[in-house]
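Undergrad: Structure file start.csv, CSV, C-alpha atoms and all ligand atoms, is pasted below:
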chain,number,residue,atom,x,y,z
A,1,MET,CA,15.4,-2.6,-4.3
A,2,LYS,CA,12.1,-3.8,-5.8
A,3,LYS,CA,9.5,-1.0,-6.1
A,4,VAL,CA,5.8,-0.7,-6.9
A,5,LEU,CA,6.0,1.3,-10.1
A,6,VAL,CA,3.3,3.7,-11.2
A,7,GLU,CA,5.8,5.8,-13.2
A,8,GLY,CA,4.8,6.8,-16.6
A,9,VAL,CA,1.2,6.0,-15.9
A,10,THR,CA,-0.9,8.9,-16.9
A,11,GLY,CA,-4.6,9.6,-16.2
A,12,SER,CA,-6.6,9.9,-13.1
A,13,ARG,CA,-6.1,8.7,-9.6
A,14,THR,CA,-8.7,6.8,-7.6
A,15,LEU,CA,-8.2,6.4,-3.8
A,16,VAL,CA,-10.4,3.7,-2.3
A,17,LEU,CA,-11.1,3.3,1.5
A,18,VAL,CA,-12.3,-0.1,2.6
A,19,ALA,CA,-14.6,0.9,5.5
A,20,ASN,CA,-15.4,-2.2,7.5
A,21,HIS,CA,-16.9,-0.4,10.4
A,22,ALA,CA,-18.5,2.9,9.3
A,23,ARG,CA,-22.3,2.8,9.0
A,24,PRO,CA,-23.6,4.3,5.8
A,25,GLU,CA,-26.9,5.4,7.4
A,26,PRO,CA,-28.3,8.8,6.2
A,27,ASP,CA,-29.8,9.6,9.6
A,28,LEU,CA,-26.5,9.4,11.5
A,29,PRO,CA,-26.1,12.3,13.9
A,30,LEU,CA,-23.3,14.6,12.8
A,31,ASP,CA,-22.4,14.9,16.5
A,32,ASP,CA,-21.6,11.2,16.8
A,33,LEU,CA,-19.8,10.3,13.6
A,34,PRO,CA,-17.1,8.4,15.5
A,35,GLY,CA,-19.4,6.5,17.8
A,36,LEU,CA,-22.8,5.7,16.3
A,37,GLY,CA,-21.2,6.3,12.9
A,38,GLY,CA,-18.7,3.5,13.4
A,39,ARG,CA,-15.9,6.0,12.5
A,40,PHE,CA,-17.8,7.8,9.8
A,41,ASP,CA,-15.5,10.7,10.8
A,42,LEU,CA,-12.6,8.8,9.2
A,43,VAL,CA,-14.7,8.4,6.0
A,44,ALA,CA,-15.3,12.2,5.8
A,45,ARG,CA,-11.6,13.0,6.6
A,46,PHE,CA,-10.4,10.5,4.0
A,47,VAL,CA,-12.6,12.0,1.3
A,48,ASN,CA,-11.3,15.5,2.2
A,49,ALA,CA,-7.7,14.3,2.2
A,50,ALA,CA,-8.2,12.4,-1.1
A,51,LEU,CA,-9.8,15.4,-2.9
A,52,LEU,CA,-8.9,18.7,-1.3
A,53,THR,CA,-5.9,20.9,-1.7
A,54,SER,CA,-5.5,24.2,0.0
A,55,HIS,CA,-8.4,26.3,-1.5
A,56,GLY,CA,-8.9,23.8,-4.3
A,57,ILE,CA,-9.9,20.3,-5.4
A,58,ARG,CA,-8.0,17.6,-7.2
A,59,GLU,CA,-10.0,17.4,-10.5
A,60,ASP,CA,-7.9,14.3,-11.6
A,61,THR,CA,-8.9,12.3,-8.5
A,62,ASP,CA,-11.9,10.3,-7.4
A,63,ALA,CA,-12.4,9.1,-3.8
A,64,ILE,CA,-14.3,5.8,-3.3
A,65,VAL,CA,-15.5,4.5,0.1
A,66,VAL,CA,-16.6,0.9,0.2
A,67,PHE,CA,-18.9,0.1,3.1
A,68,THR,CA,-18.8,-3.6,3.9
A,69,GLN,CA,-21.0,-3.5,7.0
A,70,PRO,CA,-23.9,-4.0,7.7
A,71,GLY,CA,-25.6,-5.9,4.9
A,72,GLU,CA,-24.8,-5.8,1.2
A,73,PRO,CA,-21.5,-4.0,0.4
A,74,LEU,CA,-22.2,-0.5,-0.8
A,75,ALA,CA,-19.8,2.1,-2.4
A,76,ILE,CA,-19.9,5.8,-2.8
A,77,ARG,CA,-17.7,7.6,-5.4
A,78,VAL,CA,-17.0,11.3,-5.1
A,79,ARG,CA,-15.6,12.7,-8.4
A,80,GLY,CA,-13.1,15.5,-7.9
A,81,ASP,CA,-14.0,17.1,-11.3
A,82,GLU,CA,-17.7,17.4,-10.6
A,83,VAL,CA,-18.5,17.4,-6.9
A,84,THR,CA,-19.7,20.5,-5.1
A,85,GLY,CA,-20.3,21.1,-1.4
A,86,VAL,CA,-17.3,19.2,0.0
A,87,GLY,CA,-15.7,21.5,2.5
A,88,PRO,CA,-12.5,21.4,4.6
A,89,ASP,CA,-14.3,20.4,7.8
A,90,GLU,CA,-15.4,16.8,8.2
A,91,ARG,CA,-18.9,17.6,9.3
A,92,SER,CA,-19.9,19.3,6.0
A,93,THR,CA,-18.3,16.5,4.0
A,94,ALA,CA,-20.1,13.9,6.2
A,95,ALA,CA,-23.4,15.7,5.7
A,96,ARG,CA,-22.9,15.7,1.9
A,97,LEU,CA,-22.1,12.0,1.9
A,98,LEU,CA,-25.0,11.1,4.2
A,99,GLY,CA,-27.3,13.1,2.0
A,100,ALA,CA,-26.2,11.2,-1.0
A,101,LEU,CA,-26.7,7.9,0.9
A,102,GLU,CA,-30.5,8.6,1.1
A,103,ALA,CA,-30.7,7.3,-2.5
A,104,THR,CA,-31.3,3.6,-3.2
A,105,PRO,CA,-28.1,2.1,-4.7
A,106,MET,CA,-28.2,-0.1,-7.8
A,107,PRO,CA,-25.6,-2.8,-8.9
A,108,VAL,CA,-24.0,-0.2,-11.3
A,109,TRP,CA,-22.7,3.3,-10.6
A,110,GLN,CA,-25.5,5.8,-10.6
A,111,ALA,CA,-25.2,9.6,-10.0
A,112,VAL,CA,-27.3,10.5,-7.0
A,113,ALA,CA,-26.0,14.1,-6.5
A,114,GLU,CA,-23.6,16.4,-8.3
A,115,GLY,CA,-20.3,14.5,-8.5
A,116,ILE,CA,-21.5,11.7,-6.2
A,117,GLU,CA,-22.3,8.2,-7.3
A,118,LEU,CA,-23.5,5.0,-5.5
A,119,ARG,CA,-23.5,1.3,-6.3
A,120,THR,CA,-23.8,-2.0,-4.6
A,121,GLY,CA,-21.4,-4.9,-5.1
A,122,ALA,CA,-18.6,-6.9,-3.5
A,123,LEU,CA,-15.2,-5.2,-3.1
A,124,SER,CA,-13.6,-7.3,-5.8
A,125,ASP,CA,-16.4,-6.4,-8.3
A,126,LEU,CA,-16.1,-2.7,-7.4
A,127,LEU,CA,-12.4,-2.7,-8.2
A,128,THR,CA,-12.6,-4.3,-11.6
A,129,ASP,CA,-13.5,-1.3,-13.7
A,130,LEU,CA,-11.2,1.2,-12.1
A,131,ALA,CA,-8.0,2.7,-13.5
A,132,ASP,CA,-4.9,0.5,-13.7
A,133,PRO,CA,-2.6,-0.2,-12.0
A,134,LEU,CA,-4.5,-1.5,-8.9
A,135,VAL,CA,-2.3,-1.0,-5.9
A,136,LEU,CA,-2.8,-2.2,-2.4
A,137,VAL,CA,-1.4,0.3,0.0
A,138,HIS,CA,0.0,-1.2,3.1
A,139,GLY,CA,3.1,-0.8,5.4
A,140,ASP,CA,4.4,-4.2,4.6
A,141,GLY,CA,4.7,-3.6,0.9
A,142,GLU,CA,7.5,-2.4,-1.4
A,143,PRO,CA,8.4,1.3,-1.6
A,144,LEU,CA,6.2,3.3,-4.1
A,145,ALA,CA,7.9,4.8,-7.1
A,146,GLY,CA,6.0,7.2,-9.2
A,147,ASP,CA,6.2,10.3,-11.3
A,148,ARG,CA,2.9,12.1,-11.7
A,149,GLY,CA,1.6,8.6,-11.0
A,150,ALA,CA,-1.9,7.5,-11.6
A,151,GLY,CA,-3.9,4.3,-10.8
A,152,THR,CA,-6.2,2.9,-8.1
A,153,PHE,CA,-4.9,2.8,-4.6
A,154,VAL,CA,-6.7,0.7,-1.9
A,155,ILE,CA,-6.4,1.7,1.7
A,156,GLY,CA,-7.7,0.1,4.9
A,157,ASP,CA,-9.7,1.7,7.7
A,158,HIS,CA,-8.6,2.2,11.3
A,159,ALA,CA,-8.5,-1.6,11.9
A,160,GLY,CA,-7.1,-2.5,8.5
A,161,PHE,CA,-8.3,-5.1,6.1
A,162,THR,CA,-9.7,-8.5,7.1
A,163,GLN,CA,-7.4,-11.4,6.2
A,164,ALA,CA,-9.9,-12.5,3.5
A,165,GLN,CA,-9.9,-9.0,2.0
A,166,ARG,CA,-6.1,-8.8,2.1
A,167,ASP,CA,-5.7,-12.2,0.5
A,168,ARG,CA,-8.1,-11.3,-2.3
A,169,LEU,CA,-6.6,-7.8,-2.8
A,170,VAL,CA,-3.0,-9.2,-3.0
A,171,LYS,CA,-4.2,-11.5,-5.8
A,172,GLN,CA,-6.1,-8.8,-7.6
A,173,ALA,CA,-3.6,-6.0,-7.3
A,174,GLY,CA,-0.5,-5.3,-9.3
A,175,GLY,CA,1.5,-4.7,-6.1
A,176,VAL,CA,1.5,-3.8,-2.5
A,177,ALA,CA,3.0,-0.3,-1.9
A,178,SER,CA,4.4,0.9,1.4
A,179,LEU,CA,4.7,4.5,2.5
A,180,GLY,CA,7.2,3.7,5.2
A,181,SER,CA,7.6,1.7,8.4
A,182,THR,CA,5.3,4.0,10.5
A,183,ALA,CA,1.7,2.9,10.5
A,184,LEU,CA,-0.4,5.9,9.5
A,185,GLN,CA,-4.1,6.8,9.7
A,186,ALA,CA,-6.0,6.3,6.5
A,187,ASP,CA,-6.6,10.0,5.8
A,188,HIS,CA,-3.0,10.7,6.4
A,189,VAL,CA,-2.1,7.9,4.0
A,190,ALA,CA,-4.2,9.7,1.3
A,191,ALA,CA,-2.2,12.9,1.8
A,192,VAL,CA,1.2,11.2,1.8
A,193,LEU,CA,0.2,9.1,-1.2
A,194,HIS,CA,-0.6,12.2,-3.2
A,195,HIS,CA,2.6,13.8,-2.1
A,196,GLU,CA,4.6,10.8,-3.4
A,197,LEU,CA,2.6,10.6,-6.7
A,198,ASP,CA,2.8,14.3,-7.3
A,199,ARG,CA,6.6,14.4,-7.5
B,201,LIG,C1,-4.6,2.8,10.7
B,201,LIG,S1,-4.0,1.8,9.3
B,201,LIG,C2,-4.6,0.2,9.8
B,201,LIG,C3,-3.7,-0.5,10.7
B,201,LIG,C4,-3.9,-2.0,10.7
B,201,LIG,N1,-3.4,-2.5,11.9
B,201,LIG,C5,-3.3,-2.6,9.5
B,201,LIG,O1,-2.2,-3.2,9.6
B,201,LIG,O2,-3.8,-2.4,8.3
B,201,LIG,C6,-5.1,2.2,8.0
B,201,LIG,C7,-4.6,1.8,6.6
B,201,LIG,O3,-3.7,2.8,6.1
B,201,LIG,C8,-2.7,2.1,5.3
B,201,LIG,N2,-1.4,2.4,5.9
B,201,LIG,C9,-1.1,2.8,7.1
B,201,LIG,N3,0.2,3.0,7.3
B,201,LIG,C10,0.8,2.7,6.1
B,201,LIG,C11,2.1,2.8,5.6
B,201,LIG,N4,3.1,3.1,6.3
B,201,LIG,N5,2.3,2.5,4.3
B,201,LIG,C12,1.3,2.2,3.5
B,201,LIG,N6,0.0,2.1,3.9
B,201,LIG,C13,-0.3,2.4,5.2
B,201,LIG,C14,-3.1,0.7,5.2
B,201,LIG,O4,-3.9,0.5,4.1
B,201,LIG,C15,-3.9,0.5,6.5
B,201,LIG,O5,-4.8,-0.6,6.4
Translate the structure of the given file into structure tokens.
TA:
Amino acid sequence: MKKVLVEGVTGSRTLVLVANHARPEPDLPLDDLPGLGGRFDLVARFVNAALLTSHGIREDTDAIVVFTQPGEPLAIRVRGDEVTGVGPDERSTAARLLGALEATPMPVWQAVAEGIELRTGALSDLLTDLADPLVLVHGDGEPLAGDRGAGTFVIGDHAGFTQAQRDRLVKQAGGVASLGSTALQADHVAAVLHHELDR
């Protein structure tokens, strides 16, 4: 059976969430992350799942969230080896991200808080300078095969990718990796992906 291979690839992992609905607005009320926040709760849970272990943080992993709406695409990168103030509850992580989003993003990555960077740019541009291989993570791909695998893994939000995003990502990525036939939530995908890559 054909597999998406990340075996033998050493280095860091980058988990990317393409958030087509979350609103990257610093004044979002923490009490309404799912509603007014356009599922900003999922963003916070994704960052936690991408970076946190039990009582620790994955220093070899970065979490990136690309906000495609509204206006110019904007991305936030949280570096596992540097970030502070990310807690196991989604409200504290959301507060940390929203605080960082008060800064004005530029078209290149810029540090705006300890271990947190922002930049503007289209999804395809944002993905160009990240660790190889670039893998699209979707249920209709090939099984993932890895051994302490590294690379950049792109995951959709609660509604998945738009067709245009998917077409572009399929062209840009080295493969489409599936974690099984059950459709999972994006934050759960992050946890299962780490589990597979940690083997
Ligand atoms: C809640 S799902 C989105 C469902 C949406 N209907 C779709 O087909 O993309 C969120 C994202 O998690 C990833 N995902 C969910 N289940 C998966 C699976 N079994 N294998 C790999 N990726 C999965 C995909 O990137 C998906 O876009």
Undergrad: Taking all atoms listed in the file into account, which residues are within 10 Å of ligand LIG 201 (chain B), as JSON, numbers by chain?
TA: {"A": [16, 17, 18, 19, 136, 137, 138, 139, 140, 141, 142, 143, 144, 153, 154, 155, 156, 157, 158, 159, 160, 161, 162, 163, 166, 176, 177, 178, 179, 180, 181, 182, 183, 184, 185, 186, 187, 188, 189, 190, 192, 193]}
Undergrad: For a test of reading the model, state the distance in Å between CA of Gln172 in chain A and CA of Leu197 in chain A, rounded to one decimal.
TA: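 Between CA of Gln172 in chain A and CA of Leu197 in chain A the gap is 21.3 Å.
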Undergrad: Out of A:Lys171, A:Arg96, A:Arg23, A:Arg77, which residue has the shortest atom-to-atom distance to Ile116 in chain A when counting all atoms listed in the file?
TA: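 The shortest atom-to-atom distance to Ile116 in chain A comes from A:Arg77.
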Undergrad: Can you work out the spacing between CA of Glu72 in chain A and CA of Ala95 in chain A in Å, to one decimal?
TA: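 CA of Ala95 in chain A lies 22.0 Å from CA of Glu72 in chain A.
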Undergrad: Measuring between all atoms listed in the file, which one of A:Leu15, A:Val78, A:Leu97, A:Met106 shows the shortest distance to Phe40 in chain A?
TA: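 Going through A:Leu15, A:Val78, A:Leu97, A:Met106 one by one, the smallest distance to Phe40 in chain A is for A:Leu97.
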Undergrad: Would you mind reading off the distance between CA of Ala173 in chain A and CA of Leu126 in chain A, one decimal, in Å?
TA: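 Separation between CA of Ala173 in chain A and CA of Leu126 in chain A: 12.9 Å.
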Undergrad: Excluding Gly121 in chain A and any residue of its chain fewer than 4 positions from it, enumerate the residues within 8 Å of it, using only C-alpha atoms, and give them as a PyMOL selection string.
TA: chain A and resi 72-75+107+125-126
Undergrad: Residues of the last selection are to be written out with C-alpha atoms, as a short mmCIF file (atom, residue, chain, number, x, y, z; two decimals), keeping the file's coordinate frame.
TA:
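The file below, selection_12.cif, is the result:
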data_model
loop_
_atom_site.label_atom_id
_atom_site.label_comp_id
_atom_site.auth_asym_id
_atom_site.auth_seq_id
_atom_site.Cartn_x
_atom_site.Cartn_y
_atom_site.Cartn_z
CA GLU A 72 -24.80 -5.80 1.20
CA PRO A 73 -21.50 -4.00 0.40
CA LEU A 74 -22.20 -0.50 -0.80
CA ALA A 75 -19.80 2.10 -2.40
CA PRO A 107 -25.60 -2.80 -8.90
CA ASP A 125 -16.40 -6.40 -8.30
CA LEU A 126 -16.10 -2.70 -7.40
#
Undergrad: Extract, using only C-alpha atoms, all DNA, RNA and protein residues at most 12 Å from Pro34 in chain A, discarding same-chain residues fewer than 5 positions from it, and format them as a ChimeraX atom specification.
TA: /A:21-23,28-29,39-45,90-91,94,158
Undergrad: Given all atoms listed in the file as the basis, pick out the residue of A:Gly56, A:Val108, A:Thr14, A:Leu30 nearest to Thr93 in chain A.
TA: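 Ranked by minimum distance to Thr93 in chain A, first place goes to A:Leu30.
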Undergrad: Between A:Ala191, A:Leu169, A:Ala122, A:Ala131, single out the one closest to Asp62 in chain A, counting all atoms listed in the file.
TA: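 Closest residue, counting all atoms listed in the file: A:Ala131.
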